file model.cif (mmCIF, C-alpha atoms)
data_input
loop_
_atom_site.label_atom_id
_atom_site.label_comp_id
_atom_site.auth_asym_id
_atom_site.auth_seq_id
_atom_site.Cartn_x
_atom_site.Cartn_y
_atom_site.Cartn_z
CA MET P 1 0.00 0.00 0.00
CA MET P 2 2.84 2.38 0.89
CA LYS P 3 4.57 1.69 -2.45
CA PHE P 4 1.33 2.49 -4.30
CA LYS P 5 1.00 5.79 -2.44
CA ARG P 6 4.55 6.75 -3.33
CA LYS P 7 3.92 5.98 -6.99
CA LEU P 8 0.70 7.98 -6.93
CA ALA P 9 2.45 10.94 -5.31
CA ALA P 10 5.20 10.80 -7.92
CA ILE P 11 2.65 10.73 -10.75
CA LEU P 12 0.74 13.68 -9.27
CA LEU P 13 3.98 15.62 -8.88
CA LEU P 14 4.88 15.00 -12.52
CA LEU P 15 1.43 16.13 -13.63
CA ALA P 16 1.56 19.25 -11.46
CA ALA P 17 5.08 20.32 -12.49
CA PRO P 18 4.11 21.86 -15.86
CA LEU P 19 1.35 23.90 -14.21
CA VAL P 20 3.72 25.15 -11.52
CA PHE P 21 6.24 26.11 -14.19
CA LEU P 22 3.50 27.84 -16.20
CA PHE P 23 2.43 30.03 -13.31
CA LEU P 24 5.99 30.77 -12.18
CA ILE P 25 6.81 32.20 -15.62
CA ASN P 26 3.54 34.10 -15.66
CA SER P 27 4.39 35.67 -12.31
CA ALA P 28 7.96 36.48 -13.38
CA VAL P 29 6.79 38.28 -16.53
CA LYS P 30 4.26 40.38 -14.61
CA SER P 31 6.73 41.25 -11.86
CA ALA P 32 9.50 42.28 -14.27
CA ALA P 33 7.22 44.44 -16.40
CA SER P 34 5.31 46.21 -13.64
CA PRO P 35 7.90 48.92 -12.83
CA TYR P 36 7.78 50.11 -16.45
CA ILE P 37 3.99 50.45 -16.68
CA VAL P 38 3.20 54.08 -15.97
CA SER P 39 0.54 56.74 -16.40
CA VAL P 40 0.33 59.22 -19.25
CA GLU P 41 1.53 61.96 -16.93
CA VAL P 42 4.75 60.28 -15.81
CA ALA P 43 5.60 58.44 -19.03
CA PRO P 44 9.03 59.48 -20.31
CA GLN P 45 9.61 61.14 -23.64
CA ALA P 46 10.21 58.56 -26.34
CA GLU P 47 10.94 58.22 -30.03
CA ALA P 48 7.55 56.74 -30.83
CA ILE P 49 4.27 55.52 -29.44
CA LEU P 50 3.59 51.90 -30.44
CA VAL P 51 -0.12 51.04 -30.70
CA LEU P 52 -0.77 47.30 -30.87
CA GLY P 53 -3.62 46.30 -33.13
CA ALA P 54 -6.98 44.77 -32.28
CA ARG P 55 -10.22 44.02 -34.09
CA VAL P 56 -11.54 46.37 -36.73
CA TYR P 57 -14.83 46.10 -38.63
CA PRO P 58 -15.67 46.05 -42.36
CA ASN P 59 -17.32 49.47 -42.12
CA GLY P 60 -13.98 51.00 -41.12
CA SER P 61 -14.73 51.41 -37.42
CA VAL P 62 -12.49 50.20 -34.60
CA SER P 63 -13.42 47.92 -31.73
CA SER P 64 -13.78 49.44 -28.26
CA MET P 65 -10.41 48.00 -27.22
CA LEU P 66 -8.60 49.46 -30.21
CA GLY P 67 -10.37 52.79 -29.98
CA ASP P 68 -9.23 53.15 -26.38
CA ARG P 69 -5.65 52.28 -27.33
CA LEU P 70 -5.65 54.95 -30.02
CA ASP P 71 -7.20 57.55 -27.71
CA VAL P 72 -4.54 56.95 -25.05
CA ALA P 73 -1.86 57.21 -27.74
CA LEU P 74 -3.29 60.61 -28.67
CA GLU P 75 -3.23 61.63 -25.01
CA LEU P 76 0.47 60.78 -24.93
CA LYS P 77 1.08 62.91 -28.01
CA ASP P 78 -0.84 65.82 -26.49
CA ALA P 79 1.24 65.45 -23.31
CA GLY P 80 4.41 65.89 -25.38
CA LYS P 81 5.73 62.35 -24.89
CA ALA P 82 6.21 61.61 -28.62
CA ASN P 83 4.77 62.80 -31.90
CA ARG P 84 5.44 59.70 -33.99
CA PHE P 85 3.29 56.60 -34.01
CA ILE P 86 3.90 53.00 -35.01
CA VAL P 87 0.56 51.30 -35.62
CA SER P 88 1.19 47.57 -35.74
CA GLY P 89 -1.41 44.97 -36.60
CA ASP P 90 -2.76 42.39 -38.97
CA HIS P 91 -2.94 43.25 -42.66
CA GLY P 92 -2.32 39.76 -43.93
CA GLN P 93 -5.46 39.73 -46.10
CA THR P 94 -6.78 42.29 -48.55
CA ASP P 95 -10.19 42.32 -46.85
CA TYR P 96 -8.91 42.77 -43.29
CA ASP P 97 -6.72 45.76 -42.49
CA GLU P 98 -6.03 46.90 -38.96
CA VAL P 99 -3.19 49.28 -39.78
CA ASN P 100 -4.87 51.54 -42.33
CA THR P 101 -7.93 51.69 -40.09
CA MET P 102 -5.70 52.90 -37.25
CA ARG P 103 -3.98 55.37 -39.57
CA ARG P 104 -7.29 56.88 -40.64
CA TYR P 105 -8.43 57.15 -37.02
CA LEU P 106 -5.29 59.11 -36.12
CA GLU P 107 -5.38 61.29 -39.23
CA GLN P 108 -9.01 62.22 -38.53
CA ARG P 109 -7.75 63.53 -35.19
CA LYS P 110 -5.12 65.78 -36.77
CA VAL P 111 -2.06 63.54 -36.64
CA GLU P 112 0.18 64.36 -39.59
CA PRO P 113 0.43 61.40 -42.01
CA GLN P 114 4.23 61.58 -42.15
CA HIS P 115 4.27 60.81 -38.42
CA ILE P 116 2.28 57.57 -38.73
CA PHE P 117 4.35 54.47 -39.46
CA MET P 118 2.34 51.40 -40.44
CA ASP P 119 3.54 47.92 -39.58
CA HIS P 120 1.43 45.73 -41.84
CA ALA P 121 2.90 42.49 -40.50
CA GLY P 122 2.30 42.82 -36.77
CA PHE P 123 0.66 39.41 -36.63
CA SER P 124 1.57 38.89 -32.98
CA THR P 125 2.87 40.91 -30.06
CA TYR P 126 6.30 39.33 -30.47
CA GLU P 127 6.43 40.19 -34.17
CA SER P 128 5.25 43.77 -33.58
CA LEU P 129 8.06 44.36 -31.10
CA TYR P 130 10.70 42.60 -33.18
CA ARG P 131 9.79 44.76 -36.17
CA ALA P 132 9.66 47.95 -34.09
CA LYS P 133 13.32 47.36 -33.30
CA ASP P 134 14.52 45.75 -36.53
CA ILE P 135 12.53 47.61 -39.21
CA PHE P 136 11.68 50.92 -37.55
CA LYS P 137 14.98 51.08 -35.64
CA ALA P 138 13.26 52.29 -32.49
CA HIS P 139 15.24 52.42 -29.26
CA LYS P 140 12.86 54.04 -26.80
CA ILE P 141 9.12 53.49 -27.13
CA ILE P 142 5.87 53.77 -25.23
CA ILE P 143 3.60 50.79 -25.81
CA VAL P 144 -0.17 51.27 -25.57
CA THR P 145 -2.60 48.42 -25.02
CA GLN P 146 -4.84 47.10 -22.25
CA GLN P 147 -3.26 46.22 -18.89
CA TYR P 148 -3.68 42.45 -19.22
CA HIS P 149 -1.74 42.54 -22.51
CA LEU P 150 0.67 45.32 -21.60
CA MET P 151 2.73 43.31 -19.12
CA ARG P 152 3.73 40.78 -21.77
CA ALA P 153 4.39 43.48 -24.37
CA VAL P 154 6.65 45.50 -22.08
CA TYR P 155 8.50 42.41 -20.83
CA THR P 156 9.08 41.12 -24.36
CA ALA P 157 10.23 44.52 -25.62
CA ARG P 158 12.72 45.01 -22.81
CA GLN P 159 14.12 41.50 -23.23
CA MET P 160 14.70 42.38 -26.90
CA GLY P 161 16.75 45.37 -25.81
CA LEU P 162 14.18 48.13 -26.31
CA ASP P 163 13.91 50.86 -23.69
CA ALA P 164 10.18 50.27 -23.43
CA TYR P 165 7.50 51.68 -21.18
CA GLY P 166 3.80 50.92 -21.21
CA VAL P 167 0.65 52.93 -20.66
CA ALA P 168 -2.57 50.99 -20.09
CA SER P 169 -5.64 51.92 -22.12
CA ASP P 170 -8.37 50.41 -19.94
CA LYS P 171 -11.04 53.09 -20.25
CA GLN P 172 -14.01 50.72 -19.78
CA MET P 173 -15.04 47.14 -19.13
CA TYR P 174 -14.58 44.86 -22.13
CA ALA P 175 -16.58 41.81 -23.08
CA GLY P 176 -14.77 38.49 -22.83
CA MET P 177 -12.07 39.59 -20.38
CA PRO P 178 -11.96 36.31 -18.38
CA ARG P 179 -11.19 34.50 -21.62
CA TYR P 180 -8.54 37.03 -22.64
CA GLU P 181 -6.86 36.92 -19.23
CA THR P 182 -6.76 33.11 -19.18
CA ARG P 183 -5.32 32.97 -22.66
CA GLU P 184 -2.76 35.60 -21.73
CA VAL P 185 -1.15 33.28 -19.16
CA LEU P 186 -0.26 30.93 -22.02
CA ALA P 187 0.82 33.81 -24.24
CA ARG P 188 3.21 35.12 -21.59
CA ASN P 189 4.82 31.69 -21.39
CA LYS P 190 5.07 31.48 -25.18
CA ASP P 191 6.80 34.84 -25.54
CA PHE P 192 9.07 34.07 -22.56
CA ILE P 193 10.27 31.00 -24.45
CA TYR P 194 10.58 33.01 -27.66
CA VAL P 195 12.78 35.76 -26.21
CA HIS P 196 14.95 33.49 -24.07
CA LEU P 197 15.23 30.29 -26.09
CA LEU P 198 13.81 30.08 -29.61
CA LYS P 199 14.22 33.71 -30.80
CA PRO P 200 12.31 33.17 -34.06
CA LYS P 201 12.34 35.78 -36.80
CA PRO P 202 8.98 37.38 -37.67
CA THR P 203 6.97 36.32 -40.71
CA TYR P 204 8.26 39.31 -42.68
CA LEU P 205 11.25 41.58 -42.29
CA GLY P 206 12.44 44.02 -44.96
CA GLU P 207 14.40 47.21 -45.45
CA PRO P 208 14.80 49.52 -42.44
CA ILE P 209 12.51 52.56 -42.17
CA PRO P 210 13.88 54.45 -39.14
CA VAL P 211 11.05 56.05 -37.22
CA ILE P 212 13.13 59.09 -36.28
CA THR P 213 14.49 60.06 -39.70
CA SER P 214 11.93 58.68 -42.17
CA ASP P 215 8.52 59.73 -43.47
CA GLY P 216 5.68 57.49 -42.32
CA ARG P 217 4.06 57.72 -45.75
CA MET P 218 6.81 55.36 -46.97
CA THR P 219 4.94 52.58 -45.13
CA SER P 220 1.65 53.00 -46.99
CA ASP P 221 2.11 49.85 -49.09
CA GLY P 222 3.48 46.37 -48.62
CA LYS P 223 4.57 44.49 -45.54
#
call {"tool": "encode", "arguments": {"input": "model.cif", "output": "structure tokens"}}
result
Amino acid sequence: MMKFKRKLAAILLLLAAPLVFLFLINSAVKSAASPYIVSVEVAPQAEAILVLGARVYPNGSVSSMLGDRLDVALELKDAGKANRFIVSGDHGQTDYDEVNTMRRYLEQRKVEPQHIFMDHAGFSTYESLYRAKDIFKAHKIIIVTQQYHLMRAVYTARQMGLDAYGVASDKQMYAGMPRYETREVLARNKDFIYVHLLKPKPTYLGEPIPVITSDGRMTSDGK
């Protein structure tokens, strides 16, 4: 009987180990990112404001999540933190275009088109940050997204060598948050493995378009 109990305990320990590891990484990512998540008022000046994409609709409108991200980005501009934007999202299909939708939203609110850099191949948080550094040659950025997502984005950016800060854009309650937050635990583990072990290249790279010295209108086409 004692031998059986030892075997059962060993099996349970083996089954529990991956979950323990999962939550340890989740906690480490949140803890490391937290000091760099700040308010609009105390955010440092930066080279660019990086807005991470979210759902847009066929009629050209933005989802509530994305609208709030863009509004907070505009608040940062008005506060003098940066006047250049990188809008990074999914434009992998001709009939779905997050980046031009974000561009139009900003232009309608008096952002000069030459200050809007479009990342058409921001298919994931990891890829958006990789391309911000590799394509747009950014060094110091302010990332804008919701709090649940921001911790992973800031952690990933800083592990890539970016001097990154984050400002949360939670202006309201969003539908489906329990699902997003649960999924985010897995996503934090995935990007932890990416930045520390696998270091994959993004789907697309390309010629550099430095955010400081270039004209954002150069990014109007292609990936």
call {"tool": "atom_distance", "arguments": {"input": "model.cif", "atom1": "CA of Ala48 in chain P", "atom2": "CA of Asp95 in chain P"}}
result
27.9 Å
call {"tool": "closest_residue", "arguments": {"input": "model.cif", "among": "P:Ala153, P:Val211, P:Leu74, P:Met102", "to": "Asp90 in chain P", "atoms": "only C-alpha atoms"}}
result
P:Met102
call {"tool": "atom_distance", "arguments": {"input": "model.cif", "atom1": "CA of Leu70 in chain P", "atom2": "CA of Met151 in chain P"}}
result
18.0 Å
call {"tool": "atom_distance", "arguments": {"input": "model.cif", "atom1": "CA of Ala164 in chain P", "atom2": "CA of Glu41 in chain P"}}
result
15.9 Å
call {"tool": "resolve_selection", "arguments": {"input": "model.cif", "expression": "the PyMOL selection byres ((chain P and resi 166) around 9)", "output": "number ranges by chain"}}
result
P: 33, 36-39, 43, 141-145, 147, 150-151, 153-154, 164-165, 167-168
call {"tool": "resolve_selection", "arguments": {"input": "model.cif", "expression": "the PyMOL selection byres ((chain P and resi 117-124) around 10)", "output": "JSON, numbers by chain"}}
result
{"P": [48, 50, 52, 53, 84, 85, 86, 87, 88, 89, 90, 91, 92, 97, 98, 99, 100, 102, 103, 113, 114, 115, 116, 125, 126, 127, 128, 129, 130, 131, 132, 135, 136, 191, 202, 203, 204, 205, 209, 210, 211, 214, 215, 216, 217, 218, 219, 220, 221, 222, 223]}
call {"tool": "closest_residue", "arguments": {"input": "model.cif", "among": "P:His196, P:Arg188, P:Lys137, P:Lys201", "to": "Leu22 in chain P", "atoms": "all atoms listed in the file"}}
result
P:Arg188
call {"tool": "closest_residue", "arguments": {"input": "model.cif", "among": "P:Ser31, P:Ala54, P:Arg158, P:Glu47", "to": "Thr213 in chain P", "atoms": "all atoms listed in the file"}}
result
P:Glu47
call {"tool": "residues_around", "arguments": {"input": "model.cif", "residues": "range 173-179 of chain P", "least_positions_apart": "3", "cutoff": "8 Å", "atoms": "only C-alpha atoms", "output": "VMD selection string"}}
result
chain P and resid 64 to 65 170 182 to 183
call {"tool": "resolve_selection", "arguments": {"input": "model.cif", "expression": "the PyMOL selection byres ((chain P and resi 28) around 12)", "output": "PyMOL selection string"}}
result
chain P and resi 21-27+29-34+151-152+155-156+185+188-189+192
call {"tool": "closest_residue", "arguments": {"input": "model.cif", "among": "P:Ile193, P:Ala73, P:Ile212, P:Leu198", "to": "Gln146 in chain P", "atoms": "all atoms listed in the file"}}
result
P:Ala73
